[in-house]
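target-v9.txt follows (compact mmCIF, C-alpha atoms):
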# COMPACT_ATOMS: atom_id res chain seq x y z
CA MET A 355 -17.95 -67.13 -17.82
CA THR A 356 -19.81 -69.01 -20.53
CA PRO A 357 -20.38 -66.37 -23.17
CA LYS A 358 -23.44 -66.22 -25.36
CA ILE A 359 -24.19 -63.69 -28.10
CA GLY A 360 -26.61 -61.07 -26.76
CA PRO A 361 -30.23 -60.81 -27.86
CA GLN A 362 -29.78 -57.37 -29.45
CA VAL A 363 -27.02 -58.31 -31.87
CA ALA A 364 -26.80 -59.00 -35.59
CA TRP A 365 -23.62 -60.12 -37.31
CA GLN A 366 -22.02 -61.48 -40.44
CA ILE A 367 -18.52 -62.25 -41.67
CA VAL A 368 -16.93 -60.43 -44.60
CA ASP A 369 -13.63 -61.79 -45.86
CA GLY A 370 -12.80 -63.47 -42.56
CA GLU A 371 -13.68 -60.51 -40.38
CA ALA A 372 -16.93 -60.13 -38.45
CA ILE A 373 -19.21 -57.11 -38.64
CA VAL A 374 -21.23 -56.89 -35.43
CA VAL A 375 -24.31 -54.66 -35.19
CA ASP A 376 -25.63 -53.50 -31.82
CA LEU A 377 -29.36 -53.28 -32.55
CA ALA A 378 -29.98 -51.18 -29.45
CA SER A 379 -27.73 -48.35 -30.58
CA GLY A 380 -27.47 -49.07 -34.30
CA ASN A 381 -23.67 -48.98 -33.92
CA THR A 382 -21.51 -51.35 -35.94
CA ILE A 383 -18.05 -52.63 -35.06
CA GLY A 384 -15.57 -54.68 -37.05
CA LEU A 385 -13.54 -57.51 -35.50
CA ASN A 386 -10.03 -58.57 -36.50
CA PRO A 387 -9.39 -62.21 -37.52
CA ALA A 388 -8.50 -63.40 -33.98
CA ALA A 389 -11.53 -61.69 -32.48
CA THR A 390 -13.66 -63.08 -35.31
CA PHE A 391 -12.41 -66.56 -34.49
CA LEU A 392 -13.38 -66.12 -30.84
CA TRP A 393 -16.73 -64.61 -31.82
CA SER A 394 -17.45 -67.66 -33.99
CA GLN A 395 -16.74 -69.99 -31.05
CA ILE A 396 -19.26 -68.26 -28.78
CA ASP A 397 -22.28 -70.54 -28.48
CA GLY A 398 -23.44 -70.37 -24.87
CA ARG A 399 -21.91 -73.79 -24.16
CA HIS A 400 -18.13 -73.28 -24.21
CA ASP A 401 -16.69 -71.30 -21.30
CA ASP A 402 -13.84 -68.82 -21.32
CA SER A 403 -11.15 -71.42 -20.52
CA GLU A 404 -12.23 -73.46 -23.55
CA LEU A 405 -12.08 -70.34 -25.73
CA ILE A 406 -8.52 -69.67 -24.49
CA VAL A 407 -7.45 -73.17 -25.53
CA ALA A 408 -9.18 -72.80 -28.90
CA LEU A 409 -7.40 -69.50 -29.60
CA MET A 410 -4.05 -70.95 -28.52
CA THR A 411 -4.50 -73.88 -30.88
CA GLU A 412 -5.82 -71.91 -33.83
CA PHE A 413 -3.23 -69.11 -33.75
CA GLU A 414 -0.33 -70.99 -32.14
CA VAL A 415 0.21 -68.40 -29.40
CA SER A 416 1.41 -68.91 -25.84
CA PRO A 417 -1.09 -69.77 -23.09
CA ALA A 418 -0.47 -66.40 -21.42
CA GLU A 419 -1.04 -64.49 -24.63
CA ALA A 420 -4.15 -66.48 -25.47
CA GLU A 421 -5.56 -65.89 -21.99
CA HIS A 422 -4.82 -62.17 -22.09
CA ASP A 423 -6.33 -61.70 -25.55
CA THR A 424 -9.41 -63.83 -24.85
CA ARG A 425 -10.19 -62.12 -21.55
CA ALA A 426 -9.66 -58.66 -23.06
CA PHE A 427 -11.97 -59.55 -25.94
CA LEU A 428 -14.69 -60.99 -23.71
CA ASP A 429 -14.50 -58.02 -21.32
CA GLU A 430 -14.91 -55.59 -24.19
CA MET A 431 -17.79 -57.49 -25.75
CA LYS A 432 -19.52 -57.81 -22.39
CA GLY A 433 -18.97 -54.11 -21.69
CA ARG A 434 -20.71 -53.34 -24.97
CA THR A 435 -23.49 -55.82 -24.04
CA LEU A 436 -22.78 -57.72 -27.26
CA ILE A 437 -22.35 -60.90 -25.24
CA VAL A 438 -23.92 -62.09 -21.99
CA ASP A 439 -23.00 -64.83 -19.55
CA ALA A 440 -25.14 -67.87 -20.33
CA GLN A 441 -24.81 -68.95 -16.70
CA GLU A 442 -26.13 -65.71 -15.21
CA PRO A 443 -29.86 -65.55 -14.52
CA ARG A 444 -31.44 -62.80 -16.68
CA MET B 442 -12.20 -53.77 -40.09
CA SER B 443 -14.36 -50.64 -40.25
CA SER B 444 -17.90 -51.07 -41.54
CA GLN B 445 -17.04 -48.91 -44.55
CA ARG B 446 -14.06 -51.11 -45.37
CA SER B 447 -16.20 -54.20 -44.89
CA LYS B 448 -18.72 -52.81 -47.36
CA LEU B 449 -15.98 -52.10 -49.89
CA ARG B 450 -14.61 -55.62 -49.45
CA ALA B 451 -18.10 -57.09 -49.81
CA LEU B 452 -18.50 -55.08 -53.02
CA GLN B 453 -15.27 -56.58 -54.36
CA LEU B 454 -16.35 -60.09 -53.34
CA ALA B 455 -19.94 -59.69 -54.60
CA GLN B 456 -21.30 -60.53 -51.15
CA PRO B 457 -24.94 -59.39 -50.93
CA LEU B 458 -24.92 -57.70 -47.53
CA THR B 459 -28.33 -56.10 -47.98
CA VAL B 460 -31.39 -58.02 -49.12
CA GLN B 461 -35.01 -57.06 -49.54
CA LEU B 462 -37.69 -59.72 -49.29
CA GLU B 463 -41.06 -58.77 -50.74
CA LEU B 464 -43.14 -61.16 -48.69
CA THR B 465 -46.37 -60.42 -50.50
CA TYR B 466 -47.89 -58.11 -53.08
CA THR B 467 -51.02 -58.00 -50.93
CA CYS B 468 -51.71 -54.66 -49.28
CA ASN B 469 -54.63 -53.19 -47.39
CA TRP B 470 -53.89 -49.74 -48.87
CA ARG B 471 -54.10 -48.64 -52.51
CA CYS B 472 -51.58 -45.80 -52.70
CA VAL B 473 -52.20 -43.98 -55.96
CA PHE B 474 -48.47 -43.84 -56.78
CA CYS B 475 -47.60 -47.38 -55.63
CA TYR B 476 -44.68 -48.98 -57.50
CA ASN B 477 -46.17 -52.47 -57.20
CA PRO B 478 -47.97 -53.59 -60.34
CA ARG B 479 -50.60 -55.62 -58.49
CA HIS B 480 -52.03 -56.23 -55.04
CA PHE B 481 -52.37 -60.00 -55.03
CA ASP B 482 -50.02 -62.99 -55.18
CA ARG B 483 -50.22 -65.74 -57.76
CA THR B 484 -48.02 -68.36 -56.08
CA ARG B 485 -46.78 -66.73 -52.89
CA LEU B 486 -43.81 -68.30 -51.09
CA SER B 487 -44.88 -69.97 -47.84
CA GLY B 488 -43.30 -69.26 -44.48
CA ALA B 489 -41.28 -72.48 -44.74
CA GLU B 490 -39.99 -71.48 -48.18
CA TRP B 491 -38.96 -68.04 -46.93
CA ILE B 492 -37.18 -69.59 -43.95
CA ALA B 493 -35.25 -71.87 -46.30
CA VAL B 494 -34.29 -68.73 -48.27
CA LEU B 495 -33.04 -67.15 -45.02
CA ASP B 496 -30.72 -70.14 -44.48
CA GLU B 497 -29.33 -69.64 -47.99
CA LEU B 498 -28.87 -65.90 -47.45
CA ARG B 499 -27.00 -66.50 -44.20
CA ALA B 500 -24.59 -68.78 -46.06
CA LEU B 501 -24.31 -66.26 -48.90
CA GLY B 502 -23.11 -63.60 -46.45
CA THR B 503 -26.11 -61.33 -45.99
CA LEU B 504 -26.17 -59.07 -42.94
CA THR B 505 -29.35 -56.98 -43.30
CA ILE B 506 -32.77 -58.25 -44.30
CA ALA B 507 -35.63 -55.88 -45.06
CA LEU B 508 -39.10 -57.40 -44.99
CA THR B 509 -41.32 -55.47 -47.36
CA GLY B 510 -44.28 -55.86 -49.68
CA GLY B 511 -47.02 -54.99 -50.47
CA GLU B 512 -47.67 -54.95 -46.76
CA PRO B 513 -45.36 -57.57 -45.20
CA LEU B 514 -47.63 -58.03 -42.19
CA ALA B 515 -50.31 -59.27 -44.59
CA HIS B 516 -48.27 -62.44 -45.12
CA PRO B 517 -49.85 -65.06 -42.83
CA ASP B 518 -46.39 -66.22 -41.69
CA PHE B 519 -44.89 -62.77 -41.22
CA LEU B 520 -43.93 -63.30 -37.58
CA ALA B 521 -42.44 -66.74 -38.16
CA ILE B 522 -40.30 -65.32 -40.98
CA ALA B 523 -39.23 -62.29 -38.91
CA ARG B 524 -38.32 -64.50 -35.95
CA ALA B 525 -36.39 -66.85 -38.22
CA ALA B 526 -34.45 -63.86 -39.57
CA ARG B 527 -33.46 -62.82 -36.07
CA ASP B 528 -32.67 -66.41 -35.04
CA ARG B 529 -30.12 -66.36 -37.86
CA ALA B 530 -28.56 -63.12 -36.54
CA PHE B 531 -29.67 -60.89 -39.41
CA ALA B 532 -30.18 -57.19 -38.79
CA LEU B 533 -33.87 -56.82 -39.54
CA ARG B 534 -35.75 -53.90 -41.03
CA ILE B 535 -39.50 -53.96 -41.49
CA PHE B 536 -41.09 -51.70 -44.13
CA THR B 537 -44.76 -51.39 -43.20
CA ASN B 538 -47.73 -49.07 -43.19
CA ALA B 539 -48.13 -49.92 -39.45
CA SER B 540 -51.91 -50.12 -39.72
CA LEU B 541 -51.96 -53.84 -38.86
CA ILE B 542 -49.86 -53.42 -35.72
CA ASP B 543 -52.09 -54.08 -32.73
CA ASP B 544 -50.80 -54.42 -29.15
CA ARG B 545 -49.91 -58.07 -29.53
CA MET B 546 -48.09 -57.56 -32.83
CA ALA B 547 -46.21 -54.56 -31.38
CA SER B 548 -45.02 -56.73 -28.47
CA ASP B 549 -44.00 -59.50 -30.85
CA ILE B 550 -42.05 -57.05 -33.02
CA ALA B 551 -40.38 -55.51 -29.96
CA ALA B 552 -39.24 -58.97 -28.86
CA LEU B 553 -37.44 -59.65 -32.16
CA PRO B 554 -35.92 -56.92 -31.92
CA PRO B 555 -35.64 -55.19 -35.32
CA LEU B 556 -32.99 -52.65 -36.26
CA ALA B 557 -35.86 -50.39 -37.31
CA VAL B 558 -39.48 -50.37 -38.37
CA GLU B 559 -39.87 -48.02 -41.31
CA VAL B 560 -43.38 -46.65 -41.65
CA SER B 561 -44.90 -44.99 -44.72
CA ILE B 562 -46.74 -41.77 -43.90
CA HIS B 563 -48.09 -39.77 -46.84
CA GLY B 564 -49.21 -36.54 -45.24
CA ALA B 565 -49.51 -34.53 -42.05
CA THR B 566 -53.29 -34.78 -41.98
CA ALA B 567 -55.78 -37.58 -42.43
CA ALA B 568 -57.31 -35.82 -45.44
CA VAL B 569 -54.06 -35.77 -47.43
CA HIS B 570 -52.72 -39.12 -46.22
CA ASP B 571 -55.97 -41.00 -46.77
CA ALA B 572 -56.40 -39.48 -50.24
CA ALA B 573 -52.97 -40.87 -51.17
CA THR B 574 -53.67 -44.33 -49.74
CA ALA B 575 -57.28 -44.41 -50.99
CA LYS B 576 -58.11 -45.90 -47.60
CA PRO B 577 -60.23 -43.85 -45.20
CA GLY B 578 -58.95 -44.17 -41.64
CA SER B 579 -55.46 -45.24 -42.73
CA PHE B 580 -53.77 -42.16 -41.19
CA GLU B 581 -55.20 -42.82 -37.72
CA ALA B 582 -54.47 -46.55 -38.04
CA ALA B 583 -50.85 -45.88 -38.99
CA LEU B 584 -50.34 -43.41 -36.14
CA ALA B 585 -51.87 -45.88 -33.69
CA GLY B 586 -49.47 -48.58 -34.90
CA ILE B 587 -46.51 -46.23 -34.55
CA GLY B 588 -47.67 -45.33 -31.03
CA ARG B 589 -47.78 -48.99 -30.02
CA LEU B 590 -44.25 -49.54 -31.32
CA LEU B 591 -42.91 -46.46 -29.54
CA GLU B 592 -44.52 -47.53 -26.25
CA ARG B 593 -42.32 -50.63 -26.52
CA ASN B 594 -39.17 -48.68 -27.47
CA VAL B 595 -39.05 -50.02 -31.02
CA PRO B 596 -37.04 -47.67 -33.24
CA VAL B 597 -39.34 -46.17 -35.89
CA LEU B 598 -38.35 -44.33 -39.04
CA MET B 599 -41.11 -42.33 -40.70
CA LYS B 600 -40.77 -42.36 -44.49
CA THR B 601 -42.60 -40.00 -46.80
CA PRO B 602 -42.26 -39.67 -50.54
CA VAL B 603 -42.99 -36.05 -51.42
CA THR B 604 -45.70 -35.82 -54.06
CA SER B 605 -47.97 -33.25 -55.65
CA MET B 606 -50.56 -34.38 -53.10
CA ASN B 607 -48.56 -33.69 -49.94
CA GLU B 608 -45.97 -31.09 -50.89
CA HIS B 609 -47.99 -28.32 -49.21
CA GLU B 610 -47.70 -30.27 -45.94
CA ILE B 611 -43.93 -30.66 -45.77
CA ASP B 612 -43.70 -28.47 -42.66
CA GLY B 613 -46.54 -30.40 -41.08
CA ILE B 614 -44.86 -33.73 -41.85
CA VAL B 615 -41.67 -32.51 -40.18
CA ALA B 616 -43.70 -31.30 -37.19
CA LEU B 617 -45.48 -34.66 -36.99
CA SER B 618 -42.17 -36.55 -36.85
CA LYS B 619 -40.97 -34.21 -34.11
CA ARG B 620 -44.17 -34.65 -32.15
CA LEU B 621 -43.83 -38.43 -32.42
CA ASP B 622 -40.09 -38.13 -31.72
CA VAL B 623 -39.14 -40.38 -34.62
CA ASP B 624 -36.58 -39.99 -37.37
CA LEU B 625 -37.94 -38.78 -40.69
CA GLN B 626 -36.86 -39.48 -44.24
CA ILE B 627 -38.58 -37.63 -47.06
CA ASP B 628 -37.83 -39.04 -50.48
CA PRO B 629 -37.59 -36.24 -53.01
CA HIS B 630 -39.08 -38.36 -55.78
CA ILE B 631 -41.45 -41.16 -56.55
CA THR B 632 -40.65 -44.04 -58.83
CA PRO B 633 -42.25 -45.71 -61.86
CA ARG B 634 -44.17 -48.91 -61.31
CA ASP B 635 -42.16 -52.12 -61.29
CA ASP B 636 -43.85 -53.20 -64.53
CA GLY B 637 -42.39 -50.10 -66.23
CA SER B 638 -45.53 -47.97 -66.14
CA LEU B 639 -44.80 -44.29 -65.66
CA GLU B 640 -48.30 -43.66 -64.29
CA PRO B 641 -47.11 -42.91 -60.72
CA LEU B 642 -44.98 -40.04 -62.05
CA GLN B 643 -48.12 -37.94 -62.62
CA TYR B 644 -47.99 -37.42 -58.83
CA ALA B 645 -44.41 -36.11 -58.90
CA ALA B 646 -43.81 -33.10 -56.65
CA SER B 647 -42.99 -29.68 -58.07
CA ARG B 648 -39.40 -28.59 -58.55
CA ASP B 649 -39.80 -26.15 -55.64
CA ALA B 650 -40.92 -28.91 -53.30
CA VAL B 651 -38.06 -31.18 -54.39
CA ARG B 652 -35.67 -28.30 -53.79
CA ARG B 653 -37.08 -27.75 -50.29
CA VAL B 654 -36.72 -31.42 -49.37
CA ILE B 655 -33.14 -31.63 -50.62
CA ALA B 656 -32.22 -28.36 -48.90
CA MET B 657 -33.73 -29.56 -45.63
CA GLY B 658 -31.40 -32.55 -45.62
CA LEU B 659 -34.19 -35.00 -45.03
CA GLY B 660 -32.87 -37.54 -47.48
CA SER B 661 -29.55 -39.27 -47.04
CA GLY B 662 -27.46 -36.43 -45.62
CA PRO B 663 -27.23 -32.66 -45.63
CA ILE B 664 -27.17 -32.52 -49.43
CA PRO B 665 -26.77 -35.90 -51.09
CA SER B 666 -23.62 -36.36 -53.12
CA ALA B 667 -21.89 -39.17 -54.94
CA GLU B 668 -18.16 -39.80 -54.77
CA ARG B 669 -17.00 -41.25 -58.05
CA THR B 670 -13.65 -42.49 -59.23
CA LYS B 671 -12.99 -43.96 -62.64
CA GLY B 672 -13.59 -47.70 -62.69
CA GLY B 673 -15.65 -47.59 -59.51
CA ALA B 674 -19.20 -48.91 -59.22
CA ASN B 675 -22.15 -46.51 -59.31
CA CYS B 676 -23.98 -48.63 -56.73
CA GLY B 677 -24.11 -52.11 -55.26
CA ILE B 678 -26.40 -53.61 -57.89
CA GLY B 679 -25.31 -57.16 -58.69
CA ARG B 680 -22.79 -57.12 -55.85
CA LEU B 681 -24.12 -55.82 -52.54
CA THR B 682 -27.85 -56.01 -53.03
CA LEU B 683 -30.42 -58.63 -53.88
CA ALA B 684 -34.20 -58.67 -53.85
CA ILE B 685 -36.67 -61.53 -53.92
CA ASP B 686 -40.32 -61.01 -54.81
CA ALA B 687 -43.37 -62.70 -53.32
CA GLU B 688 -43.21 -65.50 -55.86
CA GLY B 689 -39.52 -66.28 -55.44
CA ASN B 690 -38.08 -64.34 -58.36
CA VAL B 691 -34.60 -63.07 -57.54
CA PHE B 692 -33.45 -59.64 -58.78
CA PRO B 693 -30.08 -57.93 -58.43
CA CYS B 694 -31.78 -55.03 -56.65
CA MET B 695 -35.30 -53.98 -55.72
CA GLN B 696 -35.65 -51.57 -58.63
CA TRP B 697 -34.05 -53.64 -61.40
CA ARG B 698 -36.91 -55.76 -62.75
CA VAL B 699 -35.69 -56.14 -66.32
CA ARG B 700 -34.91 -59.83 -65.94
CA PRO B 701 -34.70 -62.02 -62.81
CA ILE B 702 -31.51 -63.85 -61.91
CA GLY B 703 -33.68 -66.90 -61.32
CA ASN B 704 -36.28 -68.28 -58.94
CA VAL B 705 -35.59 -69.75 -55.51
CA ARG B 706 -37.95 -72.62 -56.28
CA GLU B 707 -35.83 -73.68 -59.23
CA ALA B 708 -32.20 -73.39 -58.14
CA PRO B 709 -30.09 -72.82 -55.03
CA LEU B 710 -29.59 -69.12 -54.38
CA ARG B 711 -25.82 -69.49 -54.12
CA THR B 712 -25.63 -71.11 -57.55
CA MET B 713 -27.78 -68.52 -59.29
CA TRP B 714 -26.00 -65.62 -57.56
CA HIS B 715 -22.50 -66.76 -58.46
CA ASP B 716 -23.26 -68.16 -61.92
CA SER B 717 -25.80 -65.68 -63.22
CA ASP B 718 -24.98 -63.75 -66.38
CA VAL B 719 -27.74 -61.29 -65.45
CA ARG B 720 -25.98 -60.51 -62.17
CA ARG B 721 -22.57 -60.20 -63.81
CA ASP B 722 -23.99 -57.98 -66.55
CA VAL B 723 -25.65 -55.54 -64.15
CA ALA B 724 -22.54 -55.46 -61.95
CA ALA B 725 -20.54 -54.46 -65.04
CA MET B 726 -23.26 -52.00 -65.98
CA ALA B 727 -22.82 -50.25 -62.60
CA VAL B 728 -19.19 -49.54 -63.54
CA GLU B 729 -20.17 -48.38 -67.03
CA VAL B 730 -22.78 -46.03 -65.54
CA ASN B 731 -20.30 -44.63 -63.05
CA ASP B 732 -17.79 -43.85 -65.78
CA ALA B 733 -20.46 -42.39 -68.07
CA LEU B 734 -21.59 -39.96 -65.35
CA LEU B 735 -18.02 -39.13 -64.46
CA SER B 736 -17.28 -38.24 -68.08
CA GLN B 737 -20.30 -35.92 -68.16
CA GLY B 738 -18.98 -34.10 -65.09
CA GLY B 739 -20.86 -31.30 -63.35
CA ALA B 740 -24.10 -31.79 -61.48
CA LEU B 741 -24.86 -35.23 -62.94
CA ALA B 742 -21.55 -36.66 -61.74
CA THR B 743 -22.02 -35.58 -58.15
CA TYR B 744 -25.49 -36.87 -57.28
CA PRO B 745 -26.49 -40.45 -56.35
CA PHE B 746 -27.88 -42.09 -59.47
CA CYS B 747 -30.18 -45.10 -59.88
CA PRO B 748 -29.63 -46.88 -63.23
CA ALA B 749 -32.72 -49.02 -62.63
CA LEU B 750 -34.98 -45.98 -62.46
CA ALA B 751 -33.24 -44.50 -65.49
CA MET B 752 -33.85 -47.76 -67.33
CA GLN B 753 -37.55 -47.54 -66.55
CA GLU B 754 -37.82 -43.95 -67.74
CA THR B 755 -35.34 -43.69 -70.60
CA GLY B 756 -34.90 -47.32 -71.63
CA ASP B 757 -31.14 -47.03 -71.07
CA PRO B 758 -29.53 -47.35 -67.62
CA THR B 759 -26.72 -45.00 -68.62
CA VAL B 760 -29.04 -42.20 -69.73
CA PRO B 761 -30.18 -40.09 -66.77
CA ASP B 762 -33.92 -39.71 -66.29
CA ALA B 763 -35.59 -36.30 -65.99
CA SER B 764 -36.27 -36.67 -62.29
CA PHE B 765 -32.60 -37.44 -61.58
CA ARG B 766 -31.45 -34.46 -63.66
CA ILE B 767 -33.69 -32.12 -61.68
CA ARG B 768 -32.49 -33.43 -58.31
CA ALA B 769 -28.84 -33.36 -59.38
CA GLU B 770 -29.13 -29.78 -60.63
CA ILE B 771 -30.88 -28.64 -57.45
CA ALA B 772 -28.24 -30.30 -55.27
CA ALA B 773 -25.46 -28.67 -57.28
CA GLU B 774 -27.14 -25.25 -56.94
CA LEU B 775 -27.50 -25.72 -53.20
CA ARG B 776 -23.86 -26.70 -52.79
CA ARG B 777 -22.69 -23.47 -54.40

How would this structure read if it were set down as structure tokens?
Amino acid sequence: MTPKIGPQVAWQIVDGEAIVVDLASGNTIGLNPAATFLWSQIDGRHDDSELIVALMTEFEVSPAEAEHDTRAFLDEMKGRTLIVDAQEPR
Amino acid sequence: MSSQRSKLRALQLAQPLTVQLELTYTCNWRCVFCYNPRHFDRTRLSGAEWIAVLDELRALGTLTIALTGGEPLAHPDFLAIARAARDRAFALRIFTNASLIDDRMASDIAALPPLAVEVSIHGATAAVHDAATAKPGSFEAALAGIGRLLERNVPVLMKTPVTSMNEHEIDGIVALSKRLDVDLQIDPHITPRDDGSLEPLQYAASRDAVRRVIAMGLGSGPIPSAERTKGGANCGIGRLTLAIDAEGNVFPCMQWRVRPIGNVREAPLRTMWHDSDVRRDVAAMAVEVNDALLSQGGALATYPFCPALAMQETGDPTVPDASFRIRAEIAAELRR
């Protein structure tokens, strides 16, 4: 998957943690620093494996942990339609 | 981090999460109680200048942008500015009278998409609404604009300040919002003009009407209340909020027009925000106001207070204005 921030999303960072607004529902969620780091890397060009490496490097965690956390994060964001797959036809 | 905690942290950091951009003073209506002192621009910011401001606001940490006026759609570059706001991931609110929203504009707005379009409606009937706007046909035009937005699933909030002109139509206004299936917010008061004139207050609603509106919970909750602790801030003025007028003057909130922080044409926004004595002074004033109300106790301490409006009416931001006193007393009575 090559994640891209969805079209119905607004966001900003407060003190190192992202606030993400789902414009469709009006709901707001807060991300922890690791999730905020991943969120900031999402640009529609880097795929999930690149995000795993970035997380591993930034937070000095094991490859397995980085993969688990990245995939869990991406699954949740995709489930909330806050991100989409840049490779999938719309 | 919860959004409430984020807001608290932003308050501590003086990060202006919420910003209002008055794109133009121009308006095609002439509401008799309008808070704007004029309906024309002297040296209006261009679309390119507003877009440069958006870049600065993104870097400053803003999350929500409200495009307002005047009538924001009267700015020739309205759409370019709105699109630029969304391109920069801002949550976008549009405060409009909806009368300029034709099918094409409704589709363009839907494509942004905004968090909400907030539409001013001043009565339940054309006679009352059009008398308030001094614009025959404005009621039908506004409803048509709302209809076009709703057809495209754009969230619409209907906003009505209760006045002596429409207070007999409160039930009708509620019924209208239900018929349209849109959220409704009735403001229990109107405000002085931004130039300090108290002229709009001659249209203030009766105490009974204000009581009805507060009791109906059509404002900011069942019955609005303020939670105060000593040393806390009364509101986000100088910390969480910022407003920029059509000519680039920057204020610490929409209502506080005593002195601008600066002008976006003269200095970078970040510099003026962080270095401004005006901003620091009003931020400190918000704490002073909070503690002053807390020390008074009772009804005045438990109702949301606007020091900017008090400043306009009493000349002192710590001295509650008559309109606030009435609303605070009514809310306290209703809570008993």

Q) What residues in chain A lie within 7 Å of chain B, counting only C-alpha atoms, written as a VMD selection string? A) chain A and resid 362 to 368 371 373 377 380 382 to 386

If we count only C-alpha atoms and set the cut-off at 9 Å, which residues sit around stretch 426-438 of chain A, ignoring sequence neighbours fewer than 5 positions away in its own chain? Please answer as number ranges by chain. A: 355-363, 374-376, 389, 392, 396, 398, 402, 421

Those same residues, written as a PDB file, keeping the file's coordinate frame with C-alpha atoms?
ATOM      1  CA  MET A 355     -17.950 -67.130 -17.820  1.00  0.00           C
ATOM      2  CA  THR A 356     -19.810 -69.010 -20.530  1.00  0.00           C
ATOM      3  CA  PRO A 357     -20.380 -66.370 -23.170  1.00  0.00           C
ATOM      4  CA  LYS A 358     -23.440 -66.220 -25.360  1.00  0.00           C
ATOM      5  CA  ILE A 359     -24.190 -63.690 -28.100  1.00  0.00           C
ATOM      6  CA  GLY A 360     -26.610 -61.070 -26.760  1.00  0.00           C
ATOM      7  CA  PRO A 361     -30.230 -60.810 -27.860  1.00  0.00           C
ATOM      8  CA  GLN A 362     -29.780 -57.370 -29.450  1.00  0.00           C
ATOM      9  CA  VAL A 363     -27.020 -58.310 -31.870  1.00  0.00           C
ATOM     10  CA  VAL A 374     -21.230 -56.890 -35.430  1.00  0.00           C
ATOM     11  CA  VAL A 375     -24.310 -54.660 -35.190  1.00  0.00           C
ATOM     12  CA  ASP A 376     -25.630 -53.500 -31.820  1.00  0.00           C
ATOM     13  CA  ALA A 389     -11.530 -61.690 -32.480  1.00  0.00           C
ATOM     14  CA  LEU A 392     -13.380 -66.120 -30.840  1.00  0.00           C
ATOM     15  CA  ILE A 396     -19.260 -68.260 -28.780  1.00  0.00           C
ATOM     16  CA  GLY A 398     -23.440 -70.370 -24.870  1.00  0.00           C
ATOM     17  CA  ASP A 402     -13.840 -68.820 -21.320  1.00  0.00           C
ATOM     18  CA  GLU A 421      -5.560 -65.890 -21.990  1.00  0.00           C
TER      19      GLU A 421
END

For this session: Would you mind listing what lies within 12 Å of A:Phe391 as a PyMOL selection string, with all atoms listed in the file counted and same-chain residues fewer than 4 positions away left out?
Result: chain A and resi 367+370-372+385-387+395-396+405-406+408-413+423-424+427

Between atom CA of B:Thr601 and atom CA of B:Gln626, what distance in Å does the model show, to one decimal?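 Computed distance, atom CA of B:Thr601 to atom CA of B:Gln626, equals 6.3 Å.
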
Shell of 8 Å around B:Asn538, only C-alpha atoms, local chain residues under 2 positions omitted, as a list in words: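 The residues that qualify are Glu512, Phe536, Ser540, Leu541, Val560, Ser561, Ile562 and Ala583 of chain B.
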
Can you write out the residues you just picked, keeping C-alpha atoms, as a CSV table (one decimal), in the coordinates of the input?
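And here's selection.csv as it stands now:
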chain,number,residue,atom,x,y,z
B,512,GLU,CA,-47.7,-55.0,-46.8
B,536,PHE,CA,-41.1,-51.7,-44.1
B,540,SER,CA,-51.9,-50.1,-39.7
B,541,LEU,CA,-52.0,-53.8,-38.9
B,560,VAL,CA,-43.4,-46.6,-41.6
B,561,SER,CA,-44.9,-45.0,-44.7
B,562,ILE,CA,-46.7,-41.8,-43.9
B,583,ALA,CA,-50.8,-45.9,-39.0

Give, as lines of an AutoDock Vina configuration file, the centre coordinates and the x, y and z edge lengths in Å to one decimal for an axis-aligned box around all listed atoms of stretch 369-385 of chain A, padded by 5 Å on each side.
center_x = -21.4
center_y = -55.9
center_z = -37.7
size_x = 27.2
size_y = 25.1
size_z = 26.4

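Atom CA of A:Arg425 sits 11.7 Å away from atom CA of A:Glu404.
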
Practice problem: Do a neighbour search on B:His480 at 9 Å with all atoms listed in the file, toss out local chain neighbours closer than 6 positions, and write the hits as number ranges by chain. | Solution: B: 465-469, 471, 511

Using Å and a single decimal, report how far atom CA of B:Ala567 sits from atom CA of B:Ser579.
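Going from atom CA of B:Ser579 over to atom CA of B:Ala567, I get 7.7 Å.
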
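Closest to B:Ala489 among B:Pro513, B:Val460, B:Phe519, B:Leu639 is B:Phe519, based on all atoms listed in the file.
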
Shortest contact to B:Pro709, candidates B:Glu581, B:Glu592, B:Asp482, B:Asp496, atoms counted only C-alpha atoms, goes to B:Asp496
